[in-house]
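Okay, so here's the structure we're looking at.
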4 protein chains.
Amino acid sequence: MIPPVCTPLTETLDVDVPSLERLIDFLLESGVNGLFVLGSSGETAYLPDRCRRDVLEVAVSRVAGQVPVLAGVIDTATLRVLDHAEAAQKAGADGIVATAPFYTRTHRAEVEQHFRRIAAGVDLPLYAYDLPVSVHRKLDAELLLTLARDGVIHGLKDSSGDDGAFRTLVLATQDLADFSLLTGSELTVDSALRIGGDGAVPGLGNVDPAGYARLYRHAQDGNWDAAGAEQVRLIRLFDIVRVGSAQRMGPSSAALGAFKMALHLRGIIDCPVTAPPQIPLNSGETGEIRRLLEVAGLL
Amino acid sequence: MIPPVCTPLTETLDVDVPSLERLIDFLLESGVNGLFVLGSSGETAYLPDRCRRDVLEVAVSRVAGQVPVLAGVIDTATLRVLDHAEAAQKAGADGIVATAPFYTRTHRAEVEQHFRRIAAGVDLPLYAYDLPVSVHRKLDAELLLTLARDGVIHGLKDSSGDDGAFRTLVLATQDLADFSLLTGSELTVDSALRIGGDGAVPGLGNVDPAGYARLYRHAQDGNWDAAGAEQVRLIRLFDIVRVGSAQRMGPSSAALGAFKMALHLRGIIDCPVTAPPQIPLNSGETGEIRRLLEVAGLL
Amino acid sequence: MIPPVCTPLTETLDVDVPSLERLIDFLLESGVNGLFVLGSSGETAYLPDRCRRDVLEVAVSRVAGQVPVLAGVIDTATLRVLDHAEAAQKAGADGIVATAPFYTRTHRAEVEQHFRRIAAGVDLPLYAYDLPVSVHRKLDAELLLTLARDGVIHGLKDSSGDDGAFRTLVLATQDLADFSLLTGSELTVDSALRIGGDGAVPGLGNVDPAGYARLYRHAQDGNWDAAGAEQVRLIRLFDIVRVGSAQRMGPSSAALGAFKMALHLRGIIDCPVTAPPQIPLNSGETGEIRRLLEVAGLL
Amino acid sequence: MIPPVCTPLTETLDVDVPSLERLIDFLLESGVNGLFVLGSSGETAYLPDRCRRDVLEVAVSRVAGQVPVLAGVIDTATLRVLDHAEAAQKAGADGIVATAPFYTRTHRAEVEQHFRRIAAGVDLPLYAYDLPVSVHRKLDAELLLTLARDGVIHGLKDSSGDDGAFRTLVLATQDLADFSLLTGSELTVDSALRIGGDGAVPGLGNVDPAGYARLYRHAQDGNWDAAGAEQVRLIRLFDIVRVGSAQRMGPSSAALGAFKMALHLRGIIDCPVTAPPQIPLNSGETGEIRRLLEVAGLL
């Protein structure tokens, strides 16, 4: 269970270091197995490089080797990703997570080159990040398998929501010792684990890491009914991402805003602000998130 | 006529400064009215920040005030764009060009906030850049008009290929003294000028700036038949972007590769290399580009 | 100038034959060069086959050979299109207009087969209809040229809004004697004609056929300033399609609803109803359309 | 377990009635719980109305009440769907299955009206069919819940591949007695059933109905390991849909071609032909499908 860590910000849009440290402590104490900083939930694409650096330094230093720290190296194309990858290596991250190129208009053969060059450029395990809603392309199984078999990628964070493709990959990579398949879904973690997935990277894991840690332990124990019950509770909690009005804001504002507001209401982070141009939740929406946290037993 | 300047690179993927200076001189001597550096044709999304800085410095210094220099500030969201905008201002650019956020999943109201914050953050005219094939959203006329009337944006580079929408904007902005409508099309520049467009930003203008400058002068003179004949010649030349095989490479590789190869064959830049993960043209494709340049009278 | 004829309906959702006859007379008297029935503006995809048959019969009989009647044969795949094509031939249409397959998930080679089989199946000229907003694919120039050179298609109705691609096709088909390039745009007809397009199929031509006929005559006479002025007037009139609130209805309801309401207000058709599930304009929206018609001198 | 029945065709593209009867018998004997005719796997969008009628008549007559027969009523908009729905009712179908409108450009409120009008128009239970790859829109949970609570729809065939959304719907419809959630996935049936889904409509169920029937019985018995093992076997078998080369054909040709070829090789249907413009599998591809059937123990 590797939550994609939110990036607490101050009102002046700097990284809120004490809040980030509290969040990391909170996640570690809840029993997570690793941290993924600078992912989509970390607002990476919204943050300037100086914030990215701050997050990396704080995370590596605060975690202090207790669990692996994976670092997102999200950017439009290879050379820019390589710069982030070098920064991650220098900061002491344990692995990097890269998407296919975006904005740029690339061929599948170029996506393959992209991952190969990134892997060759740093001395860290590389994880592919499949996020079609942002990247506007799906990483296909055949390409992922080629990269996995050649040792280019050591795992996949699959946020495509396509559980059939995920399962096909599970079967196809059974013979690969050192390959991790992580679902990015909040909603189907028990199913993903049951069919042989290695773990999950759920954004909602910021808000209720203990819940996902319990789910994971139940799954490890083969106690699928308990895992399922925990999953159902978390699905209900996930309603917080639908509180922000789609008339007023985009899906990032609603989801990341909800995660941060929940962390704020739970007393973990000082300020629920999200990076511009995201639109904040209003007081009615905040009240509804409070209510959902109470229903979930988290307040 | 404001070509989006290509970024010549060395084999080691640094900015090739002498080649960039020669390219700028070549464009200026051909009679262009401005330069747009760090646009899509400049491979901006492929280049690390250090290359972006180099391009800006070289361009501002080499142009030395002869024509305005517009700088692309393309990035995923507001704070990152603002960093580029500040760099552009510091470097002495005359204007900046920004897309809507991408990768991030934003609401129309957030796109509006994005442009407002960028304009407020720097003391340079801001141009909106509409490029749906990369940004995966079209800037709608109503939003652009609101931003134009409020003085947030001073113009639009319209690379949407939607000439009906472009024309509707021309009519709707007739009463705005200080607003420039520039088409990003290579193929319909005469039509765009005839219906009241202010100019063009054609990538092919790197290869044949004199041709586009002639087209523009003919249009200024109301000599539409001559403008049309020049446009037809340039449409035929534009076939160079279809030389690179779509089986082997993406549209960026084919188009930017063709522009750079043509500049190389014309003796303007030393090396036709494009930034990774773009795939180079092979020798057969290079030969075909040579042939098309000869047909166009450019070799 | 070949307007895509609206299909007037009764309140009980049958074809309103007297209104359709009046509309056809109105169009013919305005000097159009042909009629395209059962296109998107004819609500073809909303209408049951019996309505399609009625429209064809009424149109062929009322036109009585004064101008050619083209018939849309829009459906999901080849065999269904062939049934419509046979019905069109039996009814006496002068040509048929087909899109690529949709809903079905086809390869480019299958799109080619689709057009070849349709052409082989009936003894009528076949026109390709490029409408990416509905078909979710763009017909590429290379495919169209192959089909044109092989005599499979005799023309194209290009509603892709991509004027650069349209122009490239104009140049590429100059040597084809019997090939017509028709723009489906309401907004760039003068430009399309000036660059060598053969005609236009503007939905707004239902509402102001005389305007488009004047535009066309001006273009024939080489009087481009007059053509442009007429075009500008028509662009302003086209605002009627933006009256229906996007909060309440889809783009079909707004556009087809506006065309029909305008025809109703002008006294041509009895009833402005559109086929379900389209949502009708409300009284405020109707008033605004009336106002825009008055501004355009059409009431 | 309700397979979406393939439509065997003769070389002359009529419905092959004896083959369809054999296929129905084969499915019934394998223990399926219902049949869904005229779905996507039935090539409905490729078939003329006369073929649709033949399929309905043969299916209702051959099944003779042993299991429910659901009929697809797939078409572009409401009135056309209603015609199919009336035909289904007349033919004696037990339920109808409709998508949102497609090709036509509709608002969410219009999609809602569409389903309401269809339900009001016939005296048969209506199932919503969510197939974004064909319809180019996802039916959102809120709309589906509204329609379910109002008794407009009695179930959903979810072929969106979005198992998180499916699960959210399972939870949200737990209090609705008469609502069936069916997954259209071939690959995650055991997971769908375990989390509370009511059944599955797998296209591959044509080829190995006994396998899916076993999977379903294991799930009913709570024997999830056996269900999982069966599912894994079926995932491997599903590789047949990837045999047809994506260089030569579209995904329909590959998938439906593989299902029909497998049924032909298994001796159930006489002829593997698919409707035009689909492209047939070649002999190498046929051999590979034979091999995969042998591996699965089906030959």
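Every chain in the structure tokens has a letter given in the order shown (A, B, ...), and although residue numbers restart at 1 in each chain, ligands are simply numbered from 1 in the order shown.
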Test item: chain C residues at most 8 Å from chain B, counting only C-alpha atoms, as a count of residues only: 16
Compile the contact shell of Arg50 in chain B as a PDB file with C-alpha atoms, in the first residue's frame: residues with an atom at most 12 Å away, counting only C-alpha atoms, same-chain residues fewer than 3 positions apart removed.
ATOM      1  CA  LEU A  79      14.922  15.319 -21.535  1.00  0.00           C
ATOM      2  CA  ARG A  80      12.659  17.103 -19.081  1.00  0.00           C
ATOM      3  CA  ASP A  83      16.154  16.242 -15.310  1.00  0.00           C
TER       4      ASP A  83
ATOM      5  CA  LEU B  13      21.329  17.852 -27.427  1.00  0.00           C
ATOM      6  CA  ASP B  14      22.460  21.311 -26.404  1.00  0.00           C
ATOM      7  CA  VAL B  15      21.186  24.410 -28.153  1.00  0.00           C
ATOM      8  CA  THR B  44       9.670  23.539 -26.299  1.00  0.00           C
ATOM      9  CA  TYR B  46      10.916  18.449 -25.527  1.00  0.00           C
ATOM     10  CA  LEU B  47      13.557  20.797 -24.098  1.00  0.00           C
ATOM     11  CA  ARG B  53      16.883  29.821 -21.275  1.00  0.00           C
ATOM     12  CA  ASP B  54      19.603  29.584 -23.907  1.00  0.00           C
ATOM     13  CA  VAL B  55      17.091  30.049 -26.715  1.00  0.00           C
ATOM     14  CA  LEU B  56      15.601  33.110 -25.076  1.00  0.00           C
ATOM     15  CA  GLU B  57      18.938  34.758 -24.448  1.00  0.00           C
ATOM     16  CA  HIS B  84       8.696  30.588 -17.514  1.00  0.00           C
ATOM     17  CA  ALA B  87      12.284  34.073 -17.145  1.00  0.00           C
TER      18      ALA B  87
END
Could you check how far CA of Glu294 in chain D sits from CA of Arg242 in chain D, in Å to one decimal?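 These two atoms are separated by 16.4 Å.
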Please provide as an NGL selection string all residues within 6 Å of Lys157 in chain A, with the sequence filter that same-chain residues fewer than 5 positions apart are discarded (counting only C-alpha atoms). :A and (129 or 182-184)
Write down as a PyMOL selection string the residues of range 33-211 of chain B whose backbone DSSP state falls under strand (DSSP E or B). chain B and resi 35-37+69-72+95-98+126-130+155-158+162+180-183+199-200
Helix (DSSP H, G or I) call set, DSSP backbone run, range 8-128 of chain B, as a PyMOL selection string: chain B and resi 17-29+44-46+49-63+78-91+108-121
I'd like the contact shell of Leu131 in chain B - 12 Å cut-off, only C-alpha atoms, skipping same-chain residues fewer than 5 positions apart - returned as a list in words.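 Near neighbours after the sequence-gap exclusion: Tyr103, Thr104 and Arg105 of chain A; Gly39, Ser40, Ile74, Val97, Ala98, Thr99, Ala100, Pro101, Phe102, His136, Arg137, Lys138, Leu139, Asp140, Leu156, Lys157, Asp158, Ser159, Ser160, Gly161, Asp162, Thr183, Gly184 and Ser185 of chain B.
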Store the residues picked out above, limited to C-alpha atoms, as a compact mmCIF listing (two decimals), in the first residue's frame.
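Output file part-v5.txt follows:
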# COMPACT_ATOMS: atom_id res chain seq x y z
CA TYR A 103 1.40 17.46 -25.11
CA THR A 104 4.00 16.30 -27.62
CA ARG A 105 2.52 14.01 -30.27
CA GLY B 39 6.58 27.40 -29.44
CA SER B 40 5.63 23.90 -30.55
CA ILE B 74 4.24 26.32 -22.28
CA VAL B 97 2.38 32.94 -25.37
CA ALA B 98 0.55 30.47 -23.11
CA THR B 99 -1.77 27.52 -23.65
CA ALA B 100 -4.53 26.39 -21.32
CA PRO B 101 -3.36 23.96 -18.65
CA PHE B 102 -2.85 20.42 -19.86
CA HIS B 136 -6.91 18.36 -25.76
CA ARG B 137 -9.28 21.27 -25.39
CA LYS B 138 -10.40 24.12 -27.64
CA LEU B 139 -10.41 27.66 -26.28
CA ASP B 140 -13.97 28.79 -26.92
CA LEU B 156 -4.46 34.65 -30.02
CA LYS B 157 -2.33 32.19 -31.88
CA ASP B 158 -4.99 29.92 -33.30
CA SER B 159 -3.60 26.54 -34.24
CA SER B 160 -6.95 24.81 -33.91
CA GLY B 161 -7.39 24.58 -37.66
CA ASP B 162 -10.98 25.74 -37.22
CA THR B 183 -3.43 31.88 -37.50
CA GLY B 184 -1.11 29.00 -36.77
CA SER B 185 -2.00 27.35 -40.07
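Neighbours of Gln174 in chain D closer than or equal to 10 Å, with only C-alpha atoms counted and sequence neighbours fewer than 5 positions away skipped, come out as Leu169, Phe179 and Gly196 of chain D.
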What does the distance from CA of Thr12 in chain B to CA of Leu263 in chain B come to in Å, to one decimal? 18.7 Å
For Leu82 in chain D: contacts at 8 Å, only C-alpha atoms, fewer than 5 positions along chain excluded, given as a short mmCIF file (atom, residue, chain, number, x, y, z; two decimals) with N, CA and C atoms, in the first residue's frame:
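Result file around.cif:
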data_model
loop_
_atom_site.label_atom_id
_atom_site.label_comp_id
_atom_site.auth_asym_id
_atom_site.auth_seq_id
_atom_site.Cartn_x
_atom_site.Cartn_y
_atom_site.Cartn_z
N VAL D 73 -31.61 -3.12 -29.22
CA VAL D 73 -32.42 -2.21 -30.05
C VAL D 73 -31.54 -1.00 -30.38
N ILE D 118 -38.16 5.47 -24.51
CA ILE D 118 -38.11 4.06 -24.93
C ILE D 118 -38.90 3.21 -23.95
N GLY D 121 -42.49 3.49 -24.37
CA GLY D 121 -43.01 3.10 -25.67
C GLY D 121 -43.29 1.62 -25.81
N VAL D 122 -42.71 0.81 -24.94
CA VAL D 122 -42.96 -0.63 -25.05
C VAL D 122 -43.23 -1.21 -23.67
#
